[in-house]
Amino acid sequence: MKYKLEPLGDRGIMIDLGNEIDSAVHDKIQNITRILDNYSESWITEYIPAFTTVAVFYNPMFFYTSSVRVTPYEAACMRIHELLKKSELSNRSQARKVEIPVCYGGSFGPDLQFVADHNSLTLDEVIRVHTSGDYLVYMIGFAPGFPYIGGMPAEIAAPRKESPRLKIPPGSVGIAGEQTGVYPIETPGGWQIIGRTPLPLFQPEQMPPSLLQAGDHITFTAIDEDEYQRLQEEHHDHD
Amino acid sequence: MITIKKPGLLTSVQDLGRYGFQKYGVIASGAMDTRSHRISNLLVGNEEGAASLEISLIGPEIHFEETALISICGGNFTPSISGYPVRQWRPLIVKKGSTLRFSGVKSGCRAYLSIAGGFLVPEIMASKSTYLRAEIGGHNGRALKAGDSLKSGRPGELSQSIFQALDSSTERNFVEMDWSAASNKLLSSAKGTVIRVVKGRQFDWFSENSQKRFFEETFEITPQSDRMGYRLSGESLSLSTAKEMVSEAVNFGSIQVPADGNPIILLADRQTSGGYPKIAETISADLPLLAQAKPGDRLRFIEITLEDAQRLYIKSELEIQQLKQGIILKANQNK
């Protein structure tokens, strides 16, 4: 595996795999995080994977000795090189498949019409295209449980709103450019909102707190408002 | 138990942060000035990561329902107990029925109030820190309001020793310890607070002129600054050629530069990742200084090597370890 290590401040190291966003690089990132999980080392505080990088945060005190002439950064880099040699050994785990039910349009998806008009499609055609994709969660970021999703068909792409909404309800499913995503908590945002899922994407009381994880494959399925209400009540009962 | 009579500008429960969950997009939160937070806990015999109150500029008014061992560290907002001024950076017994007030900013931006036993709030994702945006952690997931009551945990053995070392047989409403911890050292000059940095991952993306000006000019912290980040105004910084960056993890103290050219320093409530080029990273040893800077203050950046940055970090950690040993010694002296 080709990568380079660079400092991220004085308590972080970036494992950098270049700047091409594709599923091959994503697989390598997944492989690295699996190694970090399997060989959880006490000097690592935590790690944050992204599209082409994994940031490893560490405590320099762990490598502190009054005699040895190796800086904590150098010592940590050596440990990472050793860990990543194990990459060939690590088994590729089965990717999780997650289905996300979405009630499209109406008050849940106020911008569905805009997306349809922008692409000269009917509302049903937008829904059909959005539910036909095989999507990959590249990373979680921006907000707790917010997935950066790749794989949306370009035929339903739409520009962001000129001025962002101040409040977007949790569960809202949106489109921005060729990306689609789901808002886990109420936030301001400029995405075109086409529907809403009753599934809670951020569950602070559960482990892990995020419904989705990097590496998940997801599909969207269309549900009606009754089904939405039923599922929402079901999930509220679990709280 | 304490009761909040007035909440102040922004008073929230914080510990040392929620780590291990950033890969799920959950921000770290935690105290902005971790040094003051840790010392205030050590001074009352707590673990350094116990939950404390982070107080910002305009302090709260707090009524003590029972006698408590506390300490206040960090920014100095002129604390007084039932009308008498009290000193910071030392253990302090506050008698039942007294009221703690703050009457104005003398220095800094954030103060930390620790209580023996720590403030009792539920732990969510291994932390007691308040995550304001997601409304979780701390006291009901929000900043404190008038009328809120907070309980404290059972004081440990060390807390009890410190309590006993203070002679509480006085008529006054409080008792101060005759020793204290060293307060934050400020490297200030007429041109502003000096913040030491190491190069950021995209430093080379910036034009030669911007690279130079970043270290020569003074930047002002704008009012649009909060626990998430300080927005700076001053020299506008630009890339040598337009470049799209792939989003990647950011750090406490990362200095990123959005398209408008005005740097933003990311702090305790930063997002987990970002797509703006990072020109520099604040060294860990200077983060407490930065946390005490407030809107209107001026900053100047000086580059040091990574090796020096880690040396300074280790030095600051060793100082805290020494302080911890010193407190244990002092507390047990009279036994």
# chains A, B, ... in the order shown; residues from 1 in each chain; ligands from 1
call {"tool": "closest_atom_pairs", "arguments": {"of": "chain A", "to": "chain B", "cutoff": "8 Å", "atoms": "only C-alpha atoms", "output": "JSON lines"}}
result
{"residue": "A:Glu6", "atom": "CA", "partner": "B:Arg201", "partner_atom": "CA", "distance": 7.6}
{"residue": "A:Pro7", "atom": "CA", "partner": "B:Arg201", "partner_atom": "CA", "distance": 7.5}
{"residue": "A:Leu8", "atom": "CA", "partner": "B:Arg201", "partner_atom": "CA", "distance": 6.8}
{"residue": "A:Gly9", "atom": "CA", "partner": "B:Glu281", "partner_atom": "CA", "distance": 5.1}
{"residue": "A:Asp10", "atom": "CA", "partner": "B:Gln310", "partner_atom": "CA", "distance": 5.9}
{"residue": "A:Arg11", "atom": "CA", "partner": "B:Ser284", "partner_atom": "CA", "distance": 7.6}
{"residue": "A:Gly12", "atom": "CA", "partner": "B:Asn251", "partner_atom": "CA", "distance": 7.9}
{"residue": "A:Asn19", "atom": "CA", "partner": "B:Val246", "partner_atom": "CA", "distance": 6.6}
{"residue": "A:Thr45", "atom": "CA", "partner": "B:Gly20", "partner_atom": "CA", "distance": 7.0}
{"residue": "A:Glu46", "atom": "CA", "partner": "B:Gly20", "partner_atom": "CA", "distance": 5.1}
{"residue": "A:Tyr47", "atom": "CA", "partner": "B:Lys23", "partner_atom": "CA", "distance": 6.8}
{"residue": "A:Ile48", "atom": "CA", "partner": "B:Lys23", "partner_atom": "CA", "distance": 4.8}
{"residue": "A:Pro49", "atom": "CA", "partner": "B:Lys23", "partner_atom": "CA", "distance": 6.4}
{"residue": "A:Ala50", "atom": "CA", "partner": "B:Glu248", "partner_atom": "CA", "distance": 5.3}
{"residue": "A:Phe51", "atom": "CA", "partner": "B:Ser247", "partner_atom": "CA", "distance": 7.0}
{"residue": "A:Thr52", "atom": "CA", "partner": "B:Val246", "partner_atom": "CA", "distance": 7.6}
{"residue": "A:Thr53", "atom": "CA", "partner": "B:Glu248", "partner_atom": "CA", "distance": 6.5}
{"residue": "A:Val54", "atom": "CA", "partner": "B:Ala249", "partner_atom": "CA", "distance": 7.6}
{"residue": "A:Ala55", "atom": "CA", "partner": "B:Ala249", "partner_atom": "CA", "distance": 6.1}
{"residue": "A:Pro60", "atom": "CA", "partner": "B:Gln310", "partner_atom": "CA", "distance": 6.8}
{"residue": "A:Met61", "atom": "CA", "partner": "B:Ile314", "partner_atom": "CA", "distance": 6.1}
{"residue": "A:Tyr64", "atom": "CA", "partner": "B:Ile314", "partner_atom": "CA", "distance": 7.5}
{"residue": "A:Thr71", "atom": "CA", "partner": "B:Glu307", "partner_atom": "CA", "distance": 6.5}
{"residue": "A:Pro72", "atom": "CA", "partner": "B:Gln310", "partner_atom": "CA", "distance": 7.3}
{"residue": "A:Tyr73", "atom": "CA", "partner": "B:Glu307", "partner_atom": "CA", "distance": 7.9}
{"residue": "A:Ile140", "atom": "CA", "partner": "B:Gly25", "partner_atom": "CA", "distance": 5.4}
{"residue": "A:Gly141", "atom": "CA", "partner": "B:Gly25", "partner_atom": "CA", "distance": 4.3}
{"residue": "A:Phe142", "atom": "CA", "partner": "B:Gln271", "partner_atom": "CA", "distance": 6.0}
{"residue": "A:Ala143", "atom": "CA", "partner": "B:Gly25", "partner_atom": "CA", "distance": 5.4}
{"residue": "A:Pro144", "atom": "CA", "partner": "B:Gly25", "partner_atom": "CA", "distance": 4.0}
{"residue": "A:Gly145", "atom": "CA", "partner": "B:Tyr24", "partner_atom": "CA", "distance": 5.5}
{"residue": "A:Phe146", "atom": "CA", "partner": "B:Gly25", "partner_atom": "CA", "distance": 6.7}
{"residue": "A:Ile185", "atom": "CA", "partner": "B:Ala134", "partner_atom": "CA", "distance": 6.8}
{"residue": "A:Pro204", "atom": "CA", "partner": "B:Met125", "partner_atom": "CA", "distance": 7.1}
{"residue": "A:Glu205", "atom": "CA", "partner": "B:Ile124", "partner_atom": "CA", "distance": 6.9}
{"residue": "A:Pro208", "atom": "CA", "partner": "B:Tyr24", "partner_atom": "CA", "distance": 7.9}
{"residue": "A:Pro209", "atom": "CA", "partner": "B:Tyr24", "partner_atom": "CA", "distance": 7.2}
{"residue": "A:Ser210", "atom": "CA", "partner": "B:Tyr24", "partner_atom": "CA", "distance": 5.8}
{"residue": "A:Gln213", "atom": "CA", "partner": "B:Tyr24", "partner_atom": "CA", "distance": 7.1}
call {"tool": "write_last_selection", "arguments": {"atoms": "N, CA, C and O atoms", "output": "short mmCIF file (atom, residue, chain, number, x, y, z; two decimals), in the first residue's frame"}}
result
data_model
loop_
_atom_site.label_atom_id
_atom_site.label_comp_id
_atom_site.auth_asym_id
_atom_site.auth_seq_id
_atom_site.Cartn_x
_atom_site.Cartn_y
_atom_site.Cartn_z
N GLU A 6 2.36 12.51 7.46
CA GLU A 6 2.69 13.92 7.67
C GLU A 6 2.15 14.35 9.02
O GLU A 6 1.12 13.84 9.46
N PRO A 7 2.82 15.32 9.66
CA PRO A 7 2.27 15.78 10.94
C PRO A 7 0.96 16.57 10.75
O PRO A 7 0.80 17.28 9.75
N LEU A 8 0.02 16.38 11.68
CA LEU A 8 -1.17 17.22 11.76
C LEU A 8 -1.07 17.87 13.14
O LEU A 8 -1.53 17.31 14.13
N GLY A 9 -0.41 19.01 13.21
CA GLY A 9 -0.14 19.63 14.50
C GLY A 9 0.86 18.79 15.28
O GLY A 9 1.53 17.91 14.70
N ASP A 10 0.96 19.03 16.61
CA ASP A 10 1.97 18.31 17.38
C ASP A 10 1.42 17.09 18.10
O ASP A 10 2.12 16.44 18.87
N ARG A 11 0.15 16.76 17.84
CA ARG A 11 -0.41 15.56 18.46
C ARG A 11 -1.16 14.70 17.44
O ARG A 11 -2.01 13.90 17.80
N GLY A 12 -0.88 14.93 16.16
CA GLY A 12 -1.59 14.17 15.13
C GLY A 12 -0.69 13.77 13.99
O GLY A 12 0.33 14.42 13.73
N ASN A 19 -5.14 12.22 -3.50
CA ASN A 19 -6.36 13.03 -3.51
C ASN A 19 -7.41 12.56 -4.51
O ASN A 19 -8.26 13.33 -4.94
N THR A 45 -5.02 8.18 20.70
CA THR A 45 -6.18 8.74 21.36
C THR A 45 -7.45 8.41 20.56
O THR A 45 -8.45 7.97 21.10
N GLU A 46 -7.38 8.67 19.27
CA GLU A 46 -8.47 8.29 18.37
C GLU A 46 -8.04 8.53 16.94
O GLU A 46 -6.97 9.06 16.68
N TYR A 47 -8.88 8.10 15.99
CA TYR A 47 -8.56 8.34 14.59
C TYR A 47 -9.80 8.86 13.87
O TYR A 47 -10.92 8.61 14.30
N ILE A 48 -9.58 9.62 12.81
CA ILE A 48 -10.70 10.13 12.00
C ILE A 48 -10.43 9.82 10.53
O ILE A 48 -9.53 10.40 9.93
N PRO A 49 -11.19 8.89 9.95
CA PRO A 49 -11.02 8.62 8.53
C PRO A 49 -11.78 9.63 7.68
O PRO A 49 -12.81 10.14 8.10
N ALA A 50 -11.24 9.92 6.48
CA ALA A 50 -11.96 10.78 5.53
C ALA A 50 -11.88 10.12 4.16
O ALA A 50 -11.71 8.91 4.06
N PHE A 51 -12.03 10.90 3.08
CA PHE A 51 -12.06 10.32 1.73
C PHE A 51 -10.74 9.64 1.36
O PHE A 51 -10.72 8.53 0.83
N THR A 52 -9.63 10.32 1.61
CA THR A 52 -8.33 9.81 1.16
C THR A 52 -7.28 9.83 2.28
O THR A 52 -6.10 9.66 2.03
N THR A 53 -7.73 10.10 3.50
CA THR A 53 -6.80 10.22 4.63
C THR A 53 -7.37 9.56 5.88
O THR A 53 -8.59 9.40 6.00
N VAL A 54 -6.46 9.20 6.78
CA VAL A 54 -6.87 8.83 8.13
C VAL A 54 -5.99 9.64 9.09
O VAL A 54 -4.77 9.55 9.03
N ALA A 55 -6.62 10.45 9.93
CA ALA A 55 -5.86 11.20 10.94
C ALA A 55 -5.76 10.35 12.20
O ALA A 55 -6.77 9.83 12.67
N PRO A 60 1.91 12.62 22.86
CA PRO A 60 3.37 12.57 22.81
C PRO A 60 4.00 12.12 24.12
O PRO A 60 5.12 11.61 24.14
N MET A 61 3.29 12.29 25.25
CA MET A 61 3.82 11.88 26.54
C MET A 61 4.12 10.38 26.56
O MET A 61 5.00 9.93 27.28
N TYR A 64 7.59 9.79 25.73
CA TYR A 64 8.56 10.62 26.44
C TYR A 64 9.52 9.79 27.27
O TYR A 64 9.11 8.99 28.10
N THR A 71 12.21 11.83 18.40
CA THR A 71 11.09 12.66 18.82
C THR A 71 9.82 11.81 18.91
O THR A 71 9.73 10.76 18.26
N PRO A 72 8.84 12.26 19.69
CA PRO A 72 7.59 11.50 19.78
C PRO A 72 6.97 11.30 18.39
O PRO A 72 6.43 10.23 18.10
N TYR A 73 7.09 12.32 17.52
CA TYR A 73 6.54 12.20 16.17
C TYR A 73 7.20 11.06 15.41
O TYR A 73 6.54 10.21 14.81
N ILE A 140 -18.08 9.90 7.62
CA ILE A 140 -19.08 10.57 8.47
C ILE A 140 -18.43 11.87 8.95
O ILE A 140 -17.30 11.86 9.41
N GLY A 141 -19.14 12.96 8.81
CA GLY A 141 -18.57 14.24 9.25
C GLY A 141 -19.61 15.34 9.13
O GLY A 141 -20.78 15.03 8.93
N PHE A 142 -19.20 16.57 9.27
CA PHE A 142 -20.05 17.76 9.21
C PHE A 142 -20.98 17.88 10.42
O PHE A 142 -21.04 18.91 11.06
N ALA A 143 -21.70 16.80 10.72
CA ALA A 143 -22.57 16.77 11.90
C ALA A 143 -22.55 15.33 12.41
O ALA A 143 -22.17 14.43 11.66
N PRO A 144 -22.97 15.08 13.67
CA PRO A 144 -22.91 13.71 14.17
C PRO A 144 -23.77 12.78 13.34
O PRO A 144 -24.97 13.02 13.18
N GLY A 145 -23.17 11.74 12.79
CA GLY A 145 -23.91 10.76 12.02
C GLY A 145 -24.19 11.16 10.58
O GLY A 145 -24.85 10.42 9.85
N PHE A 146 -23.68 12.33 10.13
CA PHE A 146 -23.95 12.79 8.77
C PHE A 146 -23.07 12.04 7.77
O PHE A 146 -21.84 12.11 7.85
N ILE A 185 -29.28 15.76 12.62
CA ILE A 185 -29.83 16.65 13.64
C ILE A 185 -30.25 17.95 12.97
O ILE A 185 -29.86 18.22 11.84
N PRO A 204 -27.39 9.16 20.34
CA PRO A 204 -26.32 9.38 21.31
C PRO A 204 -26.26 8.35 22.43
O PRO A 204 -25.21 8.15 23.02
N GLU A 205 -27.40 7.67 22.71
CA GLU A 205 -27.39 6.71 23.82
C GLU A 205 -26.93 5.34 23.38
O GLU A 205 -26.84 4.42 24.18
N PRO A 208 -22.52 1.90 18.21
CA PRO A 208 -22.04 3.26 17.95
C PRO A 208 -23.20 4.25 17.88
O PRO A 208 -24.33 3.85 17.60
N PRO A 209 -22.91 5.53 18.11
CA PRO A 209 -23.98 6.53 18.11
C PRO A 209 -24.50 6.89 16.72
O PRO A 209 -25.50 7.58 16.61
N SER A 210 -23.79 6.43 15.69
CA SER A 210 -24.20 6.76 14.33
C SER A 210 -24.80 5.53 13.67
O SER A 210 -24.22 4.45 13.70
N GLN A 213 -22.01 4.03 9.05
CA GLN A 213 -20.57 4.09 9.25
C GLN A 213 -19.89 4.13 7.89
O GLN A 213 -20.45 3.65 6.90
#
call {"tool": "select_by_dssp", "arguments": {"residues": "segment 56-183 of chain A", "states": "strand (DSSP E or B)", "output": "VMD selection string"}}
result
chain A and resid 56 to 58 97 to 104 135 to 140 147 to 150 158 165 to 168 172 to 177 179 to 182
call {"tool": "atom_distance", "arguments": {"atom1": "atom CA of His130 of chain A", "atom2": "atom CA of Phe220 of chain A"}}
result
7.1 Å
call {"tool": "residues_around", "arguments": {"residues": "Leu16 of chain B", "least_positions_apart": "4", "cutoff": "12 Å", "atoms": "only C-alpha atoms", "output": "MDAnalysis selection string"}}
result
chainID B and resid 28:39 41 47:54 126:130 268:269
call {"tool": "write_last_selection", "arguments": {"atoms": "C-alpha atoms", "output": "PDB file, in the first residue's frame"}}
result
ATOM      1  CA  ALA B  28     -14.891  16.620  20.824  1.00  0.00           C
ATOM      2  CA  SER B  29     -16.265  19.559  22.907  1.00  0.00           C
ATOM      3  CA  GLY B  30     -14.666  19.895  26.344  1.00  0.00           C
ATOM      4  CA  ALA B  31     -12.958  22.763  28.140  1.00  0.00           C
ATOM      5  CA  MET B  32     -11.435  25.433  25.896  1.00  0.00           C
ATOM      6  CA  ASP B  33      -8.560  26.076  28.310  1.00  0.00           C
ATOM      7  CA  THR B  34      -7.775  22.541  29.411  1.00  0.00           C
ATOM      8  CA  ARG B  35      -4.830  23.681  31.551  1.00  0.00           C
ATOM      9  CA  SER B  36      -6.968  25.890  33.810  1.00  0.00           C
ATOM     10  CA  HIS B  37      -9.685  23.240  33.849  1.00  0.00           C
ATOM     11  CA  ARG B  38      -7.273  20.536  34.958  1.00  0.00           C
ATOM     12  CA  ILE B  39      -5.588  22.703  37.590  1.00  0.00           C
ATOM     13  CA  ASN B  41      -9.822  20.162  39.524  1.00  0.00           C
ATOM     14  CA  GLU B  47      -9.212  13.787  38.975  1.00  0.00           C
ATOM     15  CA  GLU B  48      -8.135  16.338  36.362  1.00  0.00           C
ATOM     16  CA  GLY B  49     -10.926  15.276  34.017  1.00  0.00           C
ATOM     17  CA  ALA B  50     -13.816  15.843  36.447  1.00  0.00           C
ATOM     18  CA  ALA B  51     -16.739  17.959  35.255  1.00  0.00           C
ATOM     19  CA  SER B  52     -16.346  21.700  35.975  1.00  0.00           C
ATOM     20  CA  LEU B  53     -18.198  24.843  34.993  1.00  0.00           C
ATOM     21  CA  GLU B  54     -16.765  26.833  32.116  1.00  0.00           C
ATOM     22  CA  ALA B 126     -17.744   8.672  27.804  1.00  0.00           C
ATOM     23  CA  SER B 127     -17.904  12.402  28.549  1.00  0.00           C
ATOM     24  CA  LYS B 128     -19.793  14.933  30.661  1.00  0.00           C
ATOM     25  CA  SER B 129     -19.090  17.818  28.287  1.00  0.00           C
ATOM     26  CA  THR B 130     -21.964  19.875  26.939  1.00  0.00           C
ATOM     27  CA  ALA B 268     -13.078  22.886  21.262  1.00  0.00           C
ATOM     28  CA  ASP B 269     -16.428  22.707  19.415  1.00  0.00           C
TER      29      ASP B 269
END
call {"tool": "closest_residue", "arguments": {"among": "A:Val182, A:Ala214, A:Ala116, A:Val70", "to": "Arg34 of chain A", "atoms": "only C-alpha atoms"}}
result
A:Ala214
call {"tool": "select_by_dssp", "arguments": {"residues": "segment 35-130 of chain A", "states": "helix (DSSP H, G or I)", "output": "MDAnalysis selection string"}}
result
chainID A and resid 35:38 60:63 72:88 112:118 123:130
call {"tool": "residues_around", "arguments": {"residues": "segment 4-6 of chain B", "least_positions_apart": "3", "cutoff": "7 Å", "atoms": "only C-alpha atoms", "output": "list in words"}}
result
Pro60, Glu61, Ile62, His63, Lys145, Ala146, Gly147, Asp148 and Ser149 of chain B
call {"tool": "write_last_selection", "arguments": {"atoms": "all heavy atoms", "output": "PDB file, in the first residue's frame"}}
result
ATOM      1  N   PRO B  60     -21.604  33.908  36.226  1.00  0.00           N
ATOM      2  CA  PRO B  60     -22.926  33.629  36.798  1.00  0.00           C
ATOM      3  C   PRO B  60     -22.996  34.090  38.257  1.00  0.00           C
ATOM      4  O   PRO B  60     -21.985  34.504  38.829  1.00  0.00           O
ATOM      5  CB  PRO B  60     -23.003  32.112  36.726  1.00  0.00           C
ATOM      6  CG  PRO B  60     -21.579  31.660  36.896  1.00  0.00           C
ATOM      7  CD  PRO B  60     -20.728  32.735  36.261  1.00  0.00           C
ATOM      8  N   GLU B  61     -24.182  34.025  38.818  1.00  0.00           N
ATOM      9  CA  GLU B  61     -24.343  34.214  40.263  1.00  0.00           C
ATOM     10  C   GLU B  61     -24.775  32.862  40.810  1.00  0.00           C
ATOM     11  O   GLU B  61     -25.765  32.290  40.342  1.00  0.00           O
ATOM     12  CB  GLU B  61     -25.416  35.276  40.516  1.00  0.00           C
ATOM     13  CG  GLU B  61     -25.478  35.733  41.950  1.00  0.00           C
ATOM     14  CD  GLU B  61     -26.489  36.867  42.125  1.00  0.00           C
ATOM     15  OE1 GLU B  61     -26.423  37.869  41.371  1.00  0.00           O
ATOM     16  OE2 GLU B  61     -27.354  36.719  42.997  1.00  0.00           O
ATOM     17  N   ILE B  62     -23.986  32.346  41.758  1.00  0.00           N
ATOM     18  CA  ILE B  62     -24.207  30.977  42.215  1.00  0.00           C
ATOM     19  C   ILE B  62     -24.430  30.946  43.719  1.00  0.00           C
ATOM     20  O   ILE B  62     -23.635  31.483  44.493  1.00  0.00           O
ATOM     21  CB  ILE B  62     -22.994  30.082  41.861  1.00  0.00           C
ATOM     22  CG1 ILE B  62     -22.816  30.009  40.335  1.00  0.00           C
ATOM     23  CG2 ILE B  62     -23.164  28.682  42.449  1.00  0.00           C
ATOM     24  CD1 ILE B  62     -21.553  29.296  39.900  1.00  0.00           C
ATOM     25  N   HIS B  63     -25.529  30.301  44.141  1.00  0.00           N
ATOM     26  CA  HIS B  63     -25.844  30.164  45.555  1.00  0.00           C
ATOM     27  C   HIS B  63     -25.419  28.782  46.022  1.00  0.00           C
ATOM     28  O   HIS B  63     -25.727  27.783  45.378  1.00  0.00           O
ATOM     29  CB  HIS B  63     -27.349  30.363  45.764  1.00  0.00           C
ATOM     30  CG  HIS B  63     -27.745  30.374  47.193  1.00  0.00           C
ATOM     31  ND1 HIS B  63     -27.511  31.462  48.007  1.00  0.00           N
ATOM     32  CD2 HIS B  63     -28.336  29.427  47.966  1.00  0.00           C
ATOM     33  CE1 HIS B  63     -27.955  31.182  49.226  1.00  0.00           C
ATOM     34  NE2 HIS B  63     -28.454  29.957  49.227  1.00  0.00           N
ATOM     35  N   LYS B 145     -29.060  27.775  33.057  1.00  0.00           N
ATOM     36  CA  LYS B 145     -30.069  28.841  33.138  1.00  0.00           C
ATOM     37  C   LYS B 145     -30.345  29.151  34.612  1.00  0.00           C
ATOM     38  O   LYS B 145     -30.080  28.311  35.481  1.00  0.00           O
ATOM     39  CB  LYS B 145     -31.402  28.345  32.555  1.00  0.00           C
ATOM     40  CG  LYS B 145     -31.453  28.263  31.060  1.00  0.00           C
ATOM     41  CD  LYS B 145     -32.921  28.052  30.669  1.00  0.00           C
ATOM     42  CE  LYS B 145     -33.055  27.007  29.604  1.00  0.00           C
ATOM     43  NZ  LYS B 145     -34.418  26.612  29.328  1.00  0.00           N
ATOM     44  N   ALA B 146     -30.946  30.303  34.854  1.00  0.00           N
ATOM     45  CA  ALA B 146     -31.336  30.650  36.222  1.00  0.00           C
ATOM     46  C   ALA B 146     -32.280  29.578  36.750  1.00  0.00           C
ATOM     47  O   ALA B 146     -33.161  29.107  36.025  1.00  0.00           O
ATOM     48  CB  ALA B 146     -32.016  32.013  36.238  1.00  0.00           C
ATOM     49  N   GLY B 147     -32.063  29.166  37.991  1.00  0.00           N
ATOM     50  CA  GLY B 147     -32.933  28.163  38.595  1.00  0.00           C
ATOM     51  C   GLY B 147     -32.371  26.750  38.537  1.00  0.00           C
ATOM     52  O   GLY B 147     -32.836  25.859  39.248  1.00  0.00           O
ATOM     53  N   ASP B 148     -31.380  26.525  37.686  1.00  0.00           N
ATOM     54  CA  ASP B 148     -30.772  25.192  37.604  1.00  0.00           C
ATOM     55  C   ASP B 148     -30.066  24.857  38.915  1.00  0.00           C
ATOM     56  O   ASP B 148     -29.413  25.714  39.515  1.00  0.00           O
ATOM     57  CB  ASP B 148     -29.708  25.138  36.497  1.00  0.00           C
ATOM     58  CG  ASP B 148     -30.323  25.064  35.110  1.00  0.00           C
ATOM     59  OD1 ASP B 148     -31.539  24.795  35.010  1.00  0.00           O
ATOM     60  OD2 ASP B 148     -29.585  25.266  34.123  1.00  0.00           O
ATOM     61  N   SER B 149     -30.194  23.590  39.325  1.00  0.00           N
ATOM     62  CA  SER B 149     -29.448  23.118  40.486  1.00  0.00           C
ATOM     63  C   SER B 149     -28.508  22.024  40.049  1.00  0.00           C
ATOM     64  O   SER B 149     -28.874  21.172  39.248  1.00  0.00           O
ATOM     65  CB  SER B 149     -30.406  22.577  41.547  1.00  0.00           C
ATOM     66  OG  SER B 149     -31.075  23.650  42.160  1.00  0.00           O
TER      67      SER B 149
END
call {"tool": "atom_distance", "arguments": {"atom1": "atom CA of Pro79 of chain B", "atom2": "atom CA of Arg101 of chain B"}}
result
5.6 Å
